[in-house]
Each structure stands twice: as C-alpha cells, then as structure tokens.
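Reading through the structure tokens given below for one structure.
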Amino acid sequence: MSSPLFRLSPIAAAVLAFHAGPAAAQTAPAEPATTLPTVKVEDSAAGGIKADKVSSPKFTQPLLDTPQTISVVKKELMKQQGALTLSDALRLTPGITFQQGENGNTTSGDAVFLRGFDSQGSIFVDNIRDISPATRDLFNLEQVEIVKGPAGADNGRGVASGYINLVSKTPFADDAIGGSLAYGTRDRRRGTVDVNRKITDDIAVRLNVVGQDGGVAGRDKVESQRWGVAPSIAFGLGTPTRITLFTQHIFHDNLPDGGVVSVGVSGWRNPTLDSPETNPNGVVAERVDSSNFYGLDTDYENIDVNTYTGRFEHDIKPGYTVTNTSRYSRASQWRVLTAPSGAPTFGDVNDPSTWTVGRSRQGIVRHNELLTNQTNLRGSLTTGVIKHDFASGFEFIQESQSQPTYAVTATTPAQVQQRADVYNPNASDPGVDLSYNGAYTDGRTQTGAAYLNDTAKFGERDQFQLSGSLRFERYRTETEAGTLSTAAANPGVTPVGTLLGSRLTKSGTLVTYKAGGLWKPLPNGSVYASYGTSKRPPSGDNFALSATTTNINSTALAPSKADSVEVGTKWDLLDNKLAVTGALFRTESKNDIARQSGNEIVQYGKRRIQGVELGVVGNLTEAWQLSAGYTFQDAKVSEGTIATDGTSTQSGAAVNFSPKNSITTWTSYKLPLAFGPITGPLTIGGGLRYIDSQARTINNNLGSVTTGVVKVEDYFVVDAVVSYEVTTNLGLQANIYNLLDEDYVGAVNNNGQRYQPSIPRSFLLALNFTY
C-alpha cells in the first residue's frame, strides 16, 4: 500500500501556494444574532472548551435554556486529548460504549451504544443523516454534539436514546492557517492542514486536508490508511444573504481487523473446558496474545465517501432567517474480511497447540446514496406578554443501499476455509475465493417531513419558558432482492441456484413530539422538565425489508416506540466560563422486537433505561480547564422472550452493552515556562475513564450462559498530555494513551467468542502550527 502522506504532497504544495504568506489570525467579525456563528482556526490551547449552543437551526435556545441533556465536544478539547476519530471523541462522553458486530463479521464504521440502544444508524453530519460506512475522521469538524433522549421531533425515525451530530468546518472572514504533523506508535504518521483565506470582505474559501497511514497500536498486521480533502467557499459573509458550498472526499485503504479469539479472557466460558467429563485434568485456557491477527494477508478494505453540500441563508428581516440546505452523498465500500468465528475446537484438550478456531471469510460490496433538501425558517415574535422563538420547516430525503452478494466461489472439490491455530494463527494461510454469485439486495427509503418548534417566554426576565416540538413524517421503504433457489426452500424450482426476484414495500406516518417547561431562578441557571417520543420503523437503517416473520425487518412489524422523561438543571458559573449540569432521565421503549417459542417474532417487548447524568465543562481559571461527566444508568428489559413453559428468560435482565456506571474526566493546566531564549507556556493534562462491567447478552440468569464472554469486566484508563508553545505560532504536543497500560476488553461481538482488545500504552507526538 502506498502512503497517503506521499500522495498528499501535491495537495500540501497547493495549500501553501494558496496561502501566499502567513497572516496573523484575528477574531472573525461577529455575525448577526440570527445566523450561525462563523468559526476560525486557532490554537486549541487558546480556545475554550465550553460550548454555548448547538449548530442546528431547529434549536431555538442556548444550551443553558434547552430542556434536554446535550454534550458538546469542541475541537479544542479533541485536540488536547489527541482524538483522531469519532470513536475517540465519543469516549469523552459518559454513557457511551462500543460493540464489535455480528459473529463472523465486524461492524463497519462507528458501532456506538448510547443509553442502552445501538445508535450506529443515528449519526448525522450538519444535521443530515450520515451514510458513511467508515470510521469517521475529525480533521474537518468543529465539534461533536451528543443529543441524549428523544430524537423523533428533531430528525424523524431513530432510536430512543438520542443521536450524534458532527459539525463541519466552513469559511469565515479572516486569513488563517493551521495544522499538524504527527508520529506515533506502530509507525503511525499523520498530517493535517487547515487553511482559510479571505478573498474579499464577504467572500472566503477554506481547505482542510488529512493524510494518515501506519499500524494500529497493540495489533499485528492491521493497517489504517486514509486521506481526505474538504474544500469550501462562502459568499456574503456578514451580509443578510449568505451562500456556502462545501464538499468532503475521504478515502480509506485498510487491512481490516476481525478481532481476537476470546479464549482465556476474564468472563469467557466453554462447556468442554468447564466439564470434568471432557476436561478431566482441569486444563485452564491461557489467554491468547491480544496482538494476534486471525485474518489473512489477502484481506482488504477500501472505502470511498464523497459529499457535496450547498447551504443558503437569508435574513428576511431582523429576527427572521430562512435556511435551505441541499446535500448529495455517495459512499462505496469494498471489503474482504477474515475473522475468527465460533467456539474453539480441541484436538486434544490437554495440548493447547492442537486447539483451533474457525475462520469466517466474508466479502462486502456496498453502495449508499443520499439526496436531501431541508428548509428551515427561524424567527421571533410577541403575542401579548408572551415572546416566541420558533423554528419550522420541511425536509425531503431519499436514501438507498445497493449490495450484491459475494460468496465462496464454487469449485470441485469445494473450497474449505482453513481453520486458525488458536495461539499461533498464520496470516499467510490460503483463504477461500469470493465472487459475485448473482444475488443482491437493493433498498431505498423516501421521507417527507414537516415540523414546528416553539419556545414561549413570559414573566420577569423571561424566567418561565414552555417549549414544544411536533413533527409529521411520511416514509416509504422499498426493497428489491434476488436470491438463489435451494432444493430445501424451493423444491419446485429447477435448476438449484436459479435467481428468484422479490419486491417488498412498507410505508407509514410517524408523528413524534417533545415538550418541556423551564424556570430560570437566576439569569445564569435553569431548572426544567421535559417529555418526548421517538419512533423507528422496521429496516430503518439498512432498507432491507423481509417477508419472513422471524426476521427483525419483517414487513408485518409496526414501528418501535419510545417515551422519554427528563428532569434537570443547568448553570453557567464563573462569569459563564463553566457549565454545570445534572439530570434524572427515564426512557421506555415499547413494541420492542422479541422472540417467542418457535422463534416467532412478536412485538410486546419493553426496555427501560433510567438514571442520572452529571457534567461539568469549561474554565475554572484562565489557565485551568476541566471536562468531566458521570452517568449512572439502570437499563433493564421490562418484557422479553417467552419460553414454551411460559417463563421469561429476559424479563428483568440488564440490557447488554450498558454499564451501570461510567465516568469521564479531563483536565489541563497551562504553566508559564522559560527555557533559555524561548519563553512560552507549558500545558500539562490528563484524564481518567472508568467503564463499569456490562453484560454481553440479555439474560436474567447469566449463570446459565455457558459459551463465550458472559460479561465484559470494568476498567480504568488514564491518558496524559504535555504540550509546549515554542512560539506563538508553533507548538509541540505529546499524548500518551493508556498511561498505566490497562488491559481490558474494548468491544465484544454478539456471541462473545471474539473481541477487540484495548489500546495498550502508546503515544502520539505532534508538531502543531497556526498563523
């Protein structure tokens, strides 16, 4: 694989030519209050880590007066912590965990569990649903917004726990250049450039570039290479009419990671080793080396994501702004992944060198497209003694996914996938060939929606506020599929392997809403209560409807529903430099999918997640920054599967991948320091993350689970950073990840037979520059 850093050299040269001479960064002129704020490139040490509002024009109030838990991770904090991907950034937020995916395969992109629900399909970019199958890079992001609780009134179909929104960088009216060159463990090399150039008083262009290649800390063979470019141009900055055009193109060339065999991991069980009859000598399985690679040298992953966006904003009159956003995205993925699959086989229980594990080799070719247009009107008006801040609009979106089926090439004799040695896998083993067999799945969803959000203020200092949001959404999902006939399933069809076509559709209307009441005892504080709903139809993420009643995407199923209640308080302290929040929350999802006896799918399942979340972010002093959060959640299945004897094996069980306690902390302090002729501040910082233990499977009798990892153990991780400003334009930064070299399970797959190991102690050294 050729290095993206070398491929980027012409781009870097163009960037330097584009920025003809460094200019001192200045504060961008303030935009009118009704518009989205401009942003500028600046040294993260000089920028604050507290956000006052989110980017969406649908939100009418600042965070202080929004009756909902919302965490914002700004680029300044991400830079301090050495976060490079979305998953890195989300680890700064409590209540989020990660999953590896189905058995025999590995989830693409960012597999996020948020407050007890799989939220991989609830990731947005600039408030538009994102279709990327890749791990998302942070090079072109201003901030990451984690909105917890009801999401239906904001975005339509989605999970009950909330959503994640990424905010893209766009031009501002100033000249600035910034970037970094970094080197880290496993020969990881990375370079970024962020250039903003003011062409005229109201026109500016911006270019962001990233290139990275190298290995992955703690993993043999695995490589991650990517490069991306994001040009943009803005017209009318500082005027009543503004147009912004921006695109992003990112390419991945990876040797993918299917994970490590769970043999010997704490909490792993196996009936053969646990039984005295089959293991009379009491042999104990040693844990395999977490750096072991169970894939093959011939595996690969190529991802190509291209996004084109146009945004039009116009101030109709003071207090009224209309925004129209259009986007077209296309993402393609080509991947062959070999991963350990299933429980190990013991040639001789007493001789671990004879233990082997199956390999599953799967090929994926997937193409996703998205086309959307969104229009929003935001304004303020007064009716009597009540002031209203409102946002209303409509959205149209079409999403599609095309996936041809790749399977083992038919040969005579049939190819057999070679098993791997549990303790000494060989990546040069031959693998089965995969080819397109004629089967396919093509799906698409079309959505039209209208919404209205209003905040009514009354009383002295507008100390009482009532807010409400209502959204009507009409959706239609269509799936066309081609499957190959089999003798068992299609006895009347000859020859075996005949392509059979099918077409399924499902449509409906989703009505979702949220309402809140808020009291401001002081101008810098609020106390609130809110209620909201969410809905998610079958096949809400992958557009692959099924006619089979035992399939979770069956057309016979109704949308799942969720109700969320939250009571909390928010305060801006220390001259509005520090935000302190606290909330009690409860979410109950209804119509959850459950399996009854005979494997029949029924919809009576319920899931309840309740708990408390505390947060603090901002500056304690001019030199001292702090970001910390704590979440306690009690996530249980209220109603689950029913066995043939009428008993439930799930009711009352903890929801999987949902730790009860999670803590994230990060603090940094800037010290003045003189070193010979060089004077400049030294910043030292660090943080602690604690994730409580979490069940891998939903079962109220975990003692009956006899295979795989039953429970993921809790863990602490300590990270640290030291940075030094050599000059006002140049800085050095050293990040140390997992300082204490904690060995833990980062993510586990559904059957618990393989896992993603922790990132061991590793480092990233960076040279940062800004002008």
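Scheme for the structure tokens: letters A, B, ... for chains in order shown; per-chain residue numbers from 1; ligand numbers from 1 in order shown.
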**Report entry** Distance query region 702-708 of chain A at most 8 Å, only C-alpha atoms, self and fewer than 4 positions along chain excluded, as a list in words
**Finding:**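 Result of the neighbour search: Ser262, Gly267, Trp268, Arg269, Asn270, Pro271, Ala343, Asn751, Gly752 and Gln753 of chain A.
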Query raised in the report: Counting only C-alpha atoms, what is within 10 Å of Gln68 (chain A), bar same-chain residues fewer than 6 positions away, as a VMD selection string?
Result: chain A and resid 147 to 150 516 528 to 532 565 to 570 583 585
Query - For Arg115 (chain A): contacts at 12 Å, only C-alpha atoms, fewer than 5 positions along chain excluded, given as an MDAnalysis selection string - result: chainID A and resid 93:98 146:150 159:163 564 585:589 607:613 631:636 655:662
Close residues, Glu713 (chain A) itself excluded, 9 Å, only C-alpha atoms, min 4 positions apart in chain, as a compact mmCIF listing (two decimals) with N, CA, C and O atoms, in the first residue's frame:
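So selection-v8.txt came out as:
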# COMPACT_ATOMS: atom_id res chain seq x y z
N SER A 266 -11.07 -12.86 30.81
CA SER A 266 -11.88 -12.91 32.02
C SER A 266 -13.36 -12.91 31.65
O SER A 266 -13.83 -12.09 30.88
N GLY A 267 -14.09 -13.87 32.20
CA GLY A 267 -15.52 -13.98 31.91
C GLY A 267 -15.84 -14.90 30.76
O GLY A 267 -17.03 -15.12 30.47
N ILE A 691 -15.27 2.59 33.01
CA ILE A 691 -16.45 1.96 32.45
C ILE A 691 -16.76 0.73 33.30
O ILE A 691 -15.92 -0.15 33.46
N ASP A 692 -17.97 0.69 33.84
CA ASP A 692 -18.40 -0.41 34.69
C ASP A 692 -18.56 -1.69 33.87
O ASP A 692 -18.58 -1.66 32.63
N SER A 693 -18.71 -2.80 34.55
CA SER A 693 -18.92 -4.08 33.86
C SER A 693 -20.25 -4.04 33.10
O SER A 693 -21.17 -3.29 33.46
N GLN A 694 -20.36 -4.86 32.06
CA GLN A 694 -21.55 -4.86 31.22
C GLN A 694 -21.81 -6.26 30.68
O GLN A 694 -20.88 -6.98 30.32
N ALA A 695 -23.06 -6.63 30.66
CA ALA A 695 -23.44 -7.95 30.16
C ALA A 695 -23.30 -7.98 28.65
O ALA A 695 -23.59 -7.00 27.96
N TYR A 744 -7.80 -4.43 28.91
CA TYR A 744 -9.24 -4.59 29.04
C TYR A 744 -9.85 -4.96 27.69
O TYR A 744 -9.20 -4.88 26.65
N VAL A 745 -11.10 -5.36 27.73
CA VAL A 745 -11.85 -5.69 26.52
C VAL A 745 -12.53 -4.41 26.03
O VAL A 745 -13.37 -3.84 26.73
Find the residues of region 262-376 of chain A that sit at most 10 Å from region 202-226 of chain A; for each, write down the nearest two atoms and how far apart they are in Å, to one decimal. Count only C-alpha atoms. Sort by chain, then by number going up, and give it as a tab-separated table.
residue	atom	partner	partner_atom	distance
A:Asp289	CA	A:Arg219	CA	9.8
A:Ser290	CA	A:Gly218	CA	7.3
A:Ser291	CA	A:Arg219	CA	4.4
A:Asn292	CA	A:Asp220	CA	6.1
A:Phe293	CA	A:Asp220	CA	5.7
A:Tyr294	CA	A:Asp220	CA	9.5
A:Gly295	CA	A:Lys221	CA	8.9
A:Leu296	CA	A:Lys221	CA	9.2
A:Asp297	CA	A:Lys221	CA	8.1
A:Tyr300	CA	A:Glu223	CA	9.7
A:Glu301	CA	A:Ser224	CA	9.5
A:Asn302	CA	A:Arg226	CA	9.5
A:Ile303	CA	A:Arg226	CA	9.1
A:Asp304	CA	A:Arg226	CA	9.8
Query raised in the report: From the set A:Leu452, A:Leu739, A:Ile364, A:Ala173, which residue has the shortest atom-to-atom contact distance to Phe394 (chain A), counting only C-alpha atoms?
Result: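 With only C-alpha atoms as the atom set, the closest residue is A:Leu452.
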Report task. Check the smallest atom-to-atom distance from each of A:Leu63, A:Ala407, A:Leu504, A:Ile131 to Gly525 (chain A) using only C-alpha atoms, then report the winner. Result ->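 The shortest atom-to-atom distance to Gly525 (chain A) comes from A:Leu63.
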